[in-house]
Amino acid sequence: MSMLVKGGRVLDPASGLDEIADVLIQGDRIAAIAPDLDAAGHTIIDATDRLVVPGLVDLHTHCYWGGTLLGVNPDKVGATTGVTTWVDTGSSGAATFEGFLYHVIKRSKTRILPLIHLSYIGLTPGGNLSIDVGELDDWRFADLGELRRIRDQFEGEVAGVKLRASNNACGGNGPVVLPLAREAADLFGVPLMIHIGTAPPTIEEVMPWLRQGDILTHVYHPHLGGCVLDAAGRLKPAVREAMARGVRMDVGHGVASLSFAVARAAISQGLLPDSISTDLHAHCIDGPAFSLPHVMSKFLALGLSLEDVIRLSTATPADVIRRPDLGRLTVGGEADIAILQLQECPTVFRDIAGETLEGRHILSAELTLRAGEVLEPFDDGRSEGRSSSWQTRFLSQTEDTET
Ligand SMILES: [Zn+2]
């Protein structure tokens, strides 16, 4: 079985590729990348006037569908968005990891790299506003013994450790759970991803726990006490210090975590993201995040180049999650490919504060190939989004509610 993706603009900034070329796929691998390859005997995919880029790598998602309220189906969504690698950020904890691994991760065509939550129950209560309980409101859920069991039982399956360090997730327990999250990541030998939001804890309390190669997510959120900017709009010293020691900065758009004003000010002071990610979940898939190509379009509108936007959604997030084999178009590498359309289309984007941002381009995905297989869109009768009631409530409040 061979396929030829023909005549597209092959764009992989990390590999130095930007040319009109064909991509030959044999089995699950990329067999050749060159202009005008012989089409005889291959199934042709016409990519004329399209971008042919590495399968997108979304560093912040929630795809434990059926196991958490927030989860979306990565195969279903991946088919229409170009995302072939889904980094799930803490949907499961030690109590639910095995279910996630066997019921979702191993059964999905898309690649899922799970970060395990410090909390034993993971994000099981996440997004349920009628109970409104944070997963670490009771710090006893931070059970290192259970995480040790997961490490020993499922060696190599955990890509990182996640902690949500904000009022809605751990209340006043920051001083207890931050050092435990550090210990958990060291136990697995994987990156620690910490989410920031409304304090407590403050960003100054959070930052010392992140080392080189760890990840801060929601870097452009506007909420009190956890914002990267001070009241005068300057990058806080704790953030500058973290950047200098190599802490990676992730967007994590979500429902409440991309303020255009914060992003503009932070980017102008040198806080560029290492990864453009969606924080895609059931409460933001119908807006405001929608999809990774949509969030990428917002960063085009914020002034990043197309090359940077592609790189920050492919190779750099792959590097951040310590998978430099992913997010690149490499002869001999797995054929994870996204065929994108870049439309000239004046668009007004809105953020959660009601601020608008005018863009001239919209990126969308036309075809997703995972390991040489076209991911076909399907309808399983299940709605991925659950946003309406939640957003109504969120928009009527000012408190931090991002996930
Ligand atoms: Zn999240």
# chains A, B, ... in the order shown; residues from 1 in each chain; ligands from 1

$ select_by_dssp --residues "segment 194-376 of chain A" --states "alpha helix (DSSP H)" --output "MDAnalysis selection string"
chainID A and resid 203:206 237:244 260:268 292:301 306:311 315:320

$ residues_around --residues "segment 61-67 of chain A" --least-positions-apart "5" --cutoff "7 Å" --atoms "only C-alpha atoms" --output "MDAnalysis selection string"
chainID A and resid 72:74 86:89 91 100 104 278:281

$ residues_near_ligand --ligand "ligand 1" --cutoff "12 Å" --atoms "only C-alpha atoms and all ligand atoms" --output "ChimeraX atom specification"
/A:58-64,70-71,87-92,115,117,122-123,126-127,162-166,169,193-197,216-218,250-257,277-284,289,401-403

$ write_last_selection --atoms "C-alpha atoms" --output "PDB file, in the first residue's frame"
ATOM      1  CA  ASP A  58      -0.926  19.212  20.785  1.00  0.00           C
ATOM      2  CA  LEU A  59       0.935  19.511  24.089  1.00  0.00           C
ATOM      3  CA  HIS A  60      -2.147  20.196  26.204  1.00  0.00           C
ATOM      4  CA  THR A  61      -5.338  18.178  25.693  1.00  0.00           C
ATOM      5  CA  HIS A  62      -7.909  16.155  27.588  1.00  0.00           C
ATOM      6  CA  CYS A  63      -8.881  13.012  25.726  1.00  0.00           C
ATOM      7  CA  TYR A  64      -9.942  10.499  28.392  1.00  0.00           C
ATOM      8  CA  LEU A  70     -13.886  16.841  30.020  1.00  0.00           C
ATOM      9  CA  GLY A  71     -12.559  14.217  27.625  1.00  0.00           C
ATOM     10  CA  VAL A  87      -0.474  14.940  25.038  1.00  0.00           C
ATOM     11  CA  ASP A  88      -3.152  14.330  27.648  1.00  0.00           C
ATOM     12  CA  THR A  89      -2.428  16.556  30.608  1.00  0.00           C
ATOM     13  CA  GLY A  90      -3.508  14.871  33.793  1.00  0.00           C
ATOM     14  CA  SER A  91      -6.959  13.509  32.928  1.00  0.00           C
ATOM     15  CA  SER A  92      -6.041  10.361  34.788  1.00  0.00           C
ATOM     16  CA  LEU A 115       0.750  12.996  31.819  1.00  0.00           C
ATOM     17  CA  HIS A 117      -2.011  13.791  37.622  1.00  0.00           C
ATOM     18  CA  GLY A 122      -7.006  12.818  38.278  1.00  0.00           C
ATOM     19  CA  LEU A 123      -9.462  15.211  36.675  1.00  0.00           C
ATOM     20  CA  GLY A 126     -12.988  18.555  36.522  1.00  0.00           C
ATOM     21  CA  GLY A 127     -15.696  20.519  34.762  1.00  0.00           C
ATOM     22  CA  LYS A 162       0.638  17.220  35.931  1.00  0.00           C
ATOM     23  CA  LEU A 163      -0.354  19.562  38.720  1.00  0.00           C
ATOM     24  CA  ARG A 164      -3.007  22.252  38.557  1.00  0.00           C
ATOM     25  CA  ALA A 165      -1.700  24.917  40.898  1.00  0.00           C
ATOM     26  CA  SER A 166      -4.638  27.281  41.170  1.00  0.00           C
ATOM     27  CA  ALA A 169      -7.863  22.910  41.804  1.00  0.00           C
ATOM     28  CA  MET A 193       3.775  20.365  33.883  1.00  0.00           C
ATOM     29  CA  ILE A 194       2.216  22.904  36.202  1.00  0.00           C
ATOM     30  CA  HIS A 195      -0.925  24.830  35.343  1.00  0.00           C
ATOM     31  CA  ILE A 196      -1.269  28.330  36.749  1.00  0.00           C
ATOM     32  CA  GLY A 197      -4.478  30.284  37.265  1.00  0.00           C
ATOM     33  CA  LEU A 216       4.440  25.938  32.687  1.00  0.00           C
ATOM     34  CA  THR A 217       1.005  25.961  31.033  1.00  0.00           C
ATOM     35  CA  HIS A 218      -1.604  28.725  30.558  1.00  0.00           C
ATOM     36  CA  ASP A 250       2.963  26.339  26.902  1.00  0.00           C
ATOM     37  CA  VAL A 251      -0.137  28.182  25.692  1.00  0.00           C
ATOM     38  CA  GLY A 252      -2.949  25.846  26.872  1.00  0.00           C
ATOM     39  CA  HIS A 253      -5.785  27.981  25.445  1.00  0.00           C
ATOM     40  CA  GLY A 254      -8.742  26.248  27.126  1.00  0.00           C
ATOM     41  CA  VAL A 255     -11.829  28.169  28.056  1.00  0.00           C
ATOM     42  CA  ALA A 256     -10.210  30.959  30.061  1.00  0.00           C
ATOM     43  CA  SER A 257      -6.491  31.007  29.448  1.00  0.00           C
ATOM     44  CA  SER A 277      -1.602  24.103  22.438  1.00  0.00           C
ATOM     45  CA  THR A 278      -5.352  23.997  22.855  1.00  0.00           C
ATOM     46  CA  ASP A 279      -6.112  22.566  26.302  1.00  0.00           C
ATOM     47  CA  LEU A 280      -8.895  21.000  24.243  1.00  0.00           C
ATOM     48  CA  HIS A 281     -11.734  19.602  26.317  1.00  0.00           C
ATOM     49  CA  ALA A 282     -15.503  19.322  26.276  1.00  0.00           C
ATOM     50  CA  HIS A 283     -16.002  22.881  27.544  1.00  0.00           C
ATOM     51  CA  CYS A 284     -13.852  24.667  24.926  1.00  0.00           C
ATOM     52  CA  ALA A 289     -10.454  27.146  21.592  1.00  0.00           C
ATOM     53  CA  THR A 401     -12.333  28.309  36.073  1.00  0.00           C
ATOM     54  CA  GLU A 402      -9.898  27.137  33.481  1.00  0.00           C
ATOM     55  CA  THR A 403      -8.772  23.554  33.366  1.00  0.00           C
TER      56      THR A 403
END

$ atom_distance --atom1 "atom CA of Gly233 of chain A" --atom2 "atom CA of Arg311 of chain A"
27.7 Å

$ closest_residue --among "A:Leu192, A:Cys345, A:Ala315, A:Val158" --to "Leu329 of chain A" --atoms "only C-alpha atoms"
A:Ala315

$ closest_residue --among "A:Ile20, A:Ala231, A:Ile285, A:Ala79" --to "Glu384 of chain A" --atoms "only C-alpha atoms"
A:Ile285

$ residues_around --residues "Ala371 of chain A" --least-positions-apart "2" --cutoff "12 Å" --atoms "only C-alpha atoms" --output "count of residues only"
29

$ closest_residue --among "A:Ser291, A:Ser259, A:Gln153, A:Ser313" --to "Ile276 of chain A" --atoms "only C-alpha atoms"
A:Ser313

$ closest_atom_pairs --of "segment 210-307 of chain A" --to "segment 355-362 of chain A" --cutoff "12 Å" --atoms "only C-alpha atoms" --output "tab-separated table"
residue	atom	partner	partner_atom	distance
A:Leu258	CA	A:Glu355	CA	10.7
A:Ser259	CA	A:Glu355	CA	7.9
A:Phe260	CA	A:Glu355	CA	7.0
A:Ala261	CA	A:Glu355	CA	7.8
A:Val262	CA	A:Glu355	CA	10.9
A:Ala263	CA	A:Leu357	CA	11.4
A:Arg264	CA	A:Leu357	CA	10.5
A:Ser291	CA	A:Ile362	CA	11.7
A:Leu292	CA	A:Ile362	CA	11.4
A:Pro293	CA	A:Ile362	CA	7.9
A:His294	CA	A:Ile362	CA	7.0
A:Val295	CA	A:Ile362	CA	9.6
A:Met296	CA	A:Ile362	CA	8.5
A:Ser297	CA	A:Ile362	CA	5.4
A:Lys298	CA	A:Gly359	CA	7.2
A:Phe299	CA	A:Gly359	CA	9.1
A:Leu300	CA	A:Gly359	CA	7.2
A:Ala301	CA	A:Gly359	CA	4.4
A:Leu302	CA	A:Leu357	CA	7.8
A:Gly303	CA	A:Gly359	CA	9.1
A:Leu304	CA	A:Gly359	CA	11.3
A:Ser305	CA	A:His361	CA	11.4
A:Leu306	CA	A:His361	CA	10.0

$ closest_atom_pairs --of "segment 69-163 of chain A" --to "segment 172-181 of chain A" --cutoff "7 Å" --atoms "only C-alpha atoms" --output "Markdown table"
| residue | atom | partner | partner_atom | distance |
| --- | --- | --- | --- | --- |
| A:Leu118 | CA | A:Ala181 | CA | 6.0 |
| A:Asp137 | CA | A:Asn173 | CA | 7.0 |
| A:Trp139 | CA | A:Asn173 | CA | 6.4 |
| A:Ala142 | CA | A:Val177 | CA | 6.9 |
| A:Leu163 | CA | A:Ala181 | CA | 6.5 |
